[in-house]
Structures are given as structure tokens and as C-alpha cells.
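Here is the structure we will look at.
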Amino acid sequence: MRIVIAGGHGQIALRLERLLAGRGDEVAGIIRKPEQADALREAGAEPVLLDLESASVEEVAERLRGADAVVFAAGAGPNSGVARKDTVDKGAAVLFADAAVRAGVRRFLIVSSMGADAGHQGDEVFDVYLRAKGEADAYVQSLNALDSTVLRPGSLTDDAGTGLVRLEARTGRGPVPRDDVARVLAELLDTPATAGLTLELISGSAPVSVAVKSVAGN
């Protein structure tokens, strides 16, 4: 498969790029800064320089044409303010989804957040973040031209992955290594029967492949 990842220099994205490239997929990662390119090449991915906060739908669609699937793994980051929660966590996700539709790419994964909710109340930065992520998830899932899956991991850690997870519509809060988030994303890419689902992910006792097959109804 050819897979294009938005937020290609992110910690989850780099892990996913290594996994996908290692199994023989063709991977491209969208990045905002030229100095991020070498890290993607080292992970086996093709760097694509594009700013999703200023690009047009057609500019993004041009980078997505010919892809079999896309993953939105971009984020404004923990030190960003309220404005960038709207322009990146929501705005860039909406742009990426619209571009996928225009490019004719159906399979769409979005990395969201535990607690994301379009109706979340509050004006603190984290409140705005959860609302922006929830609005992005709802928009992506509303597009009939996409076969989309929303993944909402729990508290992310840099611990070594175990390959054992809990993946359900509702898991309750808990930690999960970024390694295992990447593994689940790779498995979801191979499981189009998860389209339409919003899934929470924490560490658990089920092997990744078993957990994904279970939610897919297999």
C-alpha cells in the first residue's frame, strides 16, 4: 500500500512509518519544516514539505493522489495556545479529510484523544483541545466518501510496547505506549471493516491483531 501520514515527524507517526516501511509499504509523511526530513528518511518514509495551516485543499489533494490510505496524526503540541488547537487539531484535520475526498482516497485514520468531545465545555487550553479534536472526529466521520476510523489513545508513554492492548468503544482511562498505538494503527490500516468506528485504546491483555479483529467483528 501507499500511505500518506499528516504530522509525519510526530512521535507516533515516526514509529508508524518505521513499521509500515519495514513491512514493505510505501510511506510518505507530511512535514512543516525542512529540517525534519532526515528523521523521516531514516524511518523509511518519503518527506513531503507542506504546511497544513496554510495549504489549500487542492494542494493537499495533489499530495494524496494515488494513496491507498491516509493517516491524520498531526497536532498542535502541548505547548501551543488556543488558536492553534483550532487551526491544527481541528482545521488541519478537516482540510486533510476534504483533500482525501477530492483525491479519491477512501481509507482514513485519525489519531484523536481520550475524552475528545465536540460538546466539551470550558475555555482553558485543554478544554479547547478536547473540543477541537471532537469536532474534527465528528467531521471526518460525517463524510460518506471516507471509510474512516477514529482512534483515541489514553495517556501516551515512551515505554517499550508490549503488543498487548485493550481496544473498545469505551475502555476507561489508562496509559498506552506510543509503540503500541503505532502497531494498532498499522493493523487498522489492514482492517477496513473498522470503518465508521470510534475506538479508545489503552494497554491491556489482547494481542494487537486479536483486539482489532474483535472490534471489526471477526
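Residue numbering restarts at 1 for every chain of the C-alpha cells, chains are lettered A, B, ... in their displayed order, and ligands are numbered from 1 as they appear.
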
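Excluding Thr198 in chain A itself and same-chain residues fewer than 3 positions from it, the residues having an atom within 7 Å of it are Thr149, Val150, Leu151 and Ala169 of chain A, counting only C-alpha atoms.
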
Close residues, Val57 in chain A itself excluded, 10 Å, only C-alpha atoms, min 6 positions apart in chain, as a CSV table (one decimal) with N, CA and C atoms, in the first residue's frame:
chain,number,residue,atom,x,y,z
A,92,ALA,N,-6.7,21.6,10.4
A,92,ALA,CA,-5.9,20.8,9.5
A,92,ALA,C,-6.5,19.4,9.3
A,94,VAL,N,-9.8,18.7,9.2
A,94,VAL,CA,-10.9,19.0,8.3
A,94,VAL,C,-10.3,19.1,6.9
A,95,LEU,N,-9.3,19.9,6.7
A,95,LEU,CA,-8.6,20.1,5.4
A,95,LEU,C,-8.1,18.8,4.9
A,96,PHE,N,-7.5,18.0,5.7
A,96,PHE,CA,-6.9,16.7,5.3
A,96,PHE,C,-8.0,15.7,4.8
A,97,ALA,N,-9.1,15.8,5.5
A,97,ALA,CA,-10.3,14.9,5.2
A,97,ALA,C,-10.9,15.4,3.8
A,98,ASP,N,-11.1,16.7,3.7
A,98,ASP,CA,-11.6,17.2,2.4
A,98,ASP,C,-10.7,16.9,1.2
A,99,ALA,N,-9.3,17.0,1.5
A,99,ALA,CA,-8.4,16.6,0.4
A,99,ALA,C,-8.4,15.2,0.1
A,100,ALA,N,-8.6,14.3,1.1
A,100,ALA,CA,-8.7,12.9,0.8
A,100,ALA,C,-9.9,12.6,-0.1
A,101,VAL,N,-11.0,13.2,0.2
A,101,VAL,CA,-12.2,13.0,-0.6
A,101,VAL,C,-11.9,13.5,-2.0
A,102,ARG,N,-11.3,14.6,-2.2
A,102,ARG,CA,-11.0,15.2,-3.5
A,102,ARG,C,-10.0,14.3,-4.3
A,103,ALA,N,-9.1,13.7,-3.5
A,103,ALA,CA,-8.1,12.8,-4.2
A,103,ALA,C,-8.6,11.4,-4.4

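The residue that comes closest to Ile110 in chain A, out of A:Arg131, A:Thr162, A:Asp25, A:Val4 and on the basis of only C-alpha atoms, is A:Val4.
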
Fill in: Residue set, range 105-169 of chain A restricted to alpha helix (DSSP H), as a ChimeraX atom specification
/A:125-142

Item to complete: Please provide the set of residues having any atom within 10 Å of Lys133 in chain A, restricted to only C-alpha atoms, with same-chain residues fewer than 6 positions apart removed, written as a PyMOL selection string.
Response: chain A and resi 75+85-86+88-91+93+110-118+139+152

Item to complete: Please provide as a ChimeraX atom specification all residues within 9 Å of range 64-71 of chain A, with the sequence filter that same-chain residues fewer than 2 positions apart are discarded (counting only C-alpha atoms).
Response: /A:1-7,13,60-62,73-74,96,99-100,102-111,185,189

May I have the residues from that selection written out with N, CA and C atoms, as a PDB file, in the first residue's frame?
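Once everything was written out, this is again29.pdb:
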ATOM      1  N   MET A   1       0.835  -1.197   0.000  1.00  0.00           N
ATOM      2  CA  MET A   1       0.000   0.000   0.000  1.00  0.00           C
ATOM      3  C   MET A   1       0.875   1.255   0.000  1.00  0.00           C
ATOM      4  N   ARG A   2       0.312   2.327  -0.536  1.00  0.00           N
ATOM      5  CA  ARG A   2       0.923   3.642  -0.364  1.00  0.00           C
ATOM      6  C   ARG A   2       0.104   4.389   0.686  1.00  0.00           C
ATOM      7  N   ILE A   3       0.781   4.871   1.710  1.00  0.00           N
ATOM      8  CA  ILE A   3       0.122   5.512   2.842  1.00  0.00           C
ATOM      9  C   ILE A   3       0.760   6.879   3.078  1.00  0.00           C
ATOM     10  N   VAL A   4      -0.069   7.907   3.205  1.00  0.00           N
ATOM     11  CA  VAL A   4       0.418   9.255   3.485  1.00  0.00           C
ATOM     12  C   VAL A   4      -0.018   9.650   4.889  1.00  0.00           C
ATOM     13  N   ILE A   5       0.937  10.138   5.673  1.00  0.00           N
ATOM     14  CA  ILE A   5       0.686  10.461   7.080  1.00  0.00           C
ATOM     15  C   ILE A   5       0.870  11.957   7.303  1.00  0.00           C
ATOM     16  N   ALA A   6      -0.173  12.618   7.802  1.00  0.00           N
ATOM     17  CA  ALA A   6      -0.060  14.025   8.201  1.00  0.00           C
ATOM     18  C   ALA A   6       0.540  14.097   9.592  1.00  0.00           C
ATOM     19  N   GLY A   7       1.430  15.076   9.791  1.00  0.00           N
ATOM     20  CA  GLY A   7       2.150  15.123  11.068  1.00  0.00           C
ATOM     21  C   GLY A   7       3.251  14.094  11.076  1.00  0.00           C
ATOM     22  N   ALA A  13       3.789   9.066  14.590  1.00  0.00           N
ATOM     23  CA  ALA A  13       3.952   8.944  13.136  1.00  0.00           C
ATOM     24  C   ALA A  13       5.289   8.304  12.770  1.00  0.00           C
ATOM     25  N   VAL A  60      -3.161  19.953  -0.948  1.00  0.00           N
ATOM     26  CA  VAL A  60      -3.053  18.725  -0.155  1.00  0.00           C
ATOM     27  C   VAL A  60      -3.511  17.523  -0.972  1.00  0.00           C
ATOM     28  N   ALA A  61      -4.619  17.671  -1.699  1.00  0.00           N
ATOM     29  CA  ALA A  61      -5.134  16.566  -2.511  1.00  0.00           C
ATOM     30  C   ALA A  61      -4.099  16.091  -3.522  1.00  0.00           C
ATOM     31  N   GLU A  62      -3.332  17.019  -4.057  1.00  0.00           N
ATOM     32  CA  GLU A  62      -2.300  16.661  -5.037  1.00  0.00           C
ATOM     33  C   GLU A  62      -1.272  15.709  -4.421  1.00  0.00           C
ATOM     34  N   ALA A  73      -2.186  12.294  11.842  1.00  0.00           N
ATOM     35  CA  ALA A  73      -1.533  12.151  13.144  1.00  0.00           C
ATOM     36  C   ALA A  73      -0.889  13.461  13.562  1.00  0.00           C
ATOM     37  N   ALA A  74      -1.346  14.572  12.976  1.00  0.00           N
ATOM     38  CA  ALA A  74      -0.793  15.881  13.302  1.00  0.00           C
ATOM     39  C   ALA A  74      -1.430  16.424  14.569  1.00  0.00           C
ATOM     40  N   PHE A  96      -7.480  17.984   5.698  1.00  0.00           N
ATOM     41  CA  PHE A  96      -6.914  16.706   5.258  1.00  0.00           C
ATOM     42  C   PHE A  96      -8.022  15.750   4.813  1.00  0.00           C
ATOM     43  N   ALA A  99      -9.346  16.950   1.492  1.00  0.00           N
ATOM     44  CA  ALA A  99      -8.369  16.645   0.449  1.00  0.00           C
ATOM     45  C   ALA A  99      -8.398  15.163   0.087  1.00  0.00           C
ATOM     46  N   ALA A 100      -8.568  14.300   1.084  1.00  0.00           N
ATOM     47  CA  ALA A 100      -8.661  12.863   0.807  1.00  0.00           C
ATOM     48  C   ALA A 100      -9.862  12.564  -0.077  1.00  0.00           C
ATOM     49  N   ARG A 102     -11.290  14.641  -2.184  1.00  0.00           N
ATOM     50  CA  ARG A 102     -11.010  15.165  -3.521  1.00  0.00           C
ATOM     51  C   ARG A 102     -10.035  14.270  -4.274  1.00  0.00           C
ATOM     52  N   ALA A 103      -9.088  13.670  -3.535  1.00  0.00           N
ATOM     53  CA  ALA A 103      -8.091  12.808  -4.177  1.00  0.00           C
ATOM     54  C   ALA A 103      -8.604  11.394  -4.417  1.00  0.00           C
ATOM     55  N   GLY A 104      -9.795  11.102  -3.916  1.00  0.00           N
ATOM     56  CA  GLY A 104     -10.354   9.765  -4.113  1.00  0.00           C
ATOM     57  C   GLY A 104      -9.771   8.699  -3.209  1.00  0.00           C
ATOM     58  N   VAL A 105      -9.243   9.104  -2.056  1.00  0.00           N
ATOM     59  CA  VAL A 105      -8.692   8.148  -1.084  1.00  0.00           C
ATOM     60  C   VAL A 105      -9.773   7.861  -0.045  1.00  0.00           C
ATOM     61  N   ARG A 106     -10.225   6.633   0.039  1.00  0.00           N
ATOM     62  CA  ARG A 106     -11.323   6.315   0.960  1.00  0.00           C
ATOM     63  C   ARG A 106     -10.857   6.011   2.380  1.00  0.00           C
ATOM     64  N   ARG A 107      -9.775   5.245   2.514  1.00  0.00           N
ATOM     65  CA  ARG A 107      -9.389   4.783   3.861  1.00  0.00           C
ATOM     66  C   ARG A 107      -8.702   5.902   4.616  1.00  0.00           C
ATOM     67  N   PHE A 108      -9.261   6.261   5.782  1.00  0.00           N
ATOM     68  CA  PHE A 108      -8.803   7.430   6.525  1.00  0.00           C
ATOM     69  C   PHE A 108      -8.766   7.087   8.013  1.00  0.00           C
ATOM     70  N   LEU A 109      -7.594   7.217   8.621  1.00  0.00           N
ATOM     71  CA  LEU A 109      -7.462   7.040  10.063  1.00  0.00           C
ATOM     72  C   LEU A 109      -7.130   8.387  10.691  1.00  0.00           C
ATOM     73  N   ILE A 110      -7.716   8.671  11.833  1.00  0.00           N
ATOM     74  CA  ILE A 110      -7.397   9.897  12.548  1.00  0.00           C
ATOM     75  C   ILE A 110      -7.033   9.555  13.985  1.00  0.00           C
ATOM     76  N   VAL A 111      -5.882  10.067  14.421  1.00  0.00           N
ATOM     77  CA  VAL A 111      -5.444   9.871  15.797  1.00  0.00           C
ATOM     78  C   VAL A 111      -6.038  11.001  16.627  1.00  0.00           C
ATOM     79  N   LEU A 185      -2.481   1.262  14.760  1.00  0.00           N
ATOM     80  CA  LEU A 185      -2.756   1.991  13.518  1.00  0.00           C
ATOM     81  C   LEU A 185      -2.401   1.157  12.292  1.00  0.00           C
ATOM     82  N   LEU A 189      -5.101  -0.127   9.447  1.00  0.00           N
ATOM     83  CA  LEU A 189      -4.964   0.127   8.007  1.00  0.00           C
ATOM     84  C   LEU A 189      -5.294  -1.125   7.195  1.00  0.00           C
TER      85      LEU A 189
END

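The closest residue to Ala145 in chain A, picked from A:Leu164, A:Val184, A:Gly196, A:Ala132 and counting only C-alpha atoms, is A:Gly196.
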
Fill in: In chain A, DSSP strand (DSSP E) residues written as an NGL selection string
:A and (2-6 or 26-31 or 46-49 or 69-72 or 107-111 or 147-153 or 155-157 or 164-168 or 175-177 or 198-203 or 206-207)

Discussion item. Report as an MDAnalysis selection string all protein, DNA and RNA residues lying within 7 Å of Gly204 in chain A, evaluated on only C-alpha atoms, omitting residues in the same chain fewer than 2 positions from it.
Written reply: chainID A and resid 164:166 202 206

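Ranking A:Thr194, A:His9, A:Arg15, A:Ala21 by their shortest atom-to-atom distance to Gln36 in chain A, with only C-alpha atoms included, puts A:His9 first.
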
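Within the 12 Å cut-off around Ala193 in chain A, using only C-alpha atoms and omitting residues fewer than 4 positions from it on the same chain, the listed residues are Arg107, Asp147, Ser148, Thr149, Glu187, Leu188, Leu189, Leu197, Val212, Lys213, Ser214, Val215, Ala216, Gly217 and Asn218 of chain A.
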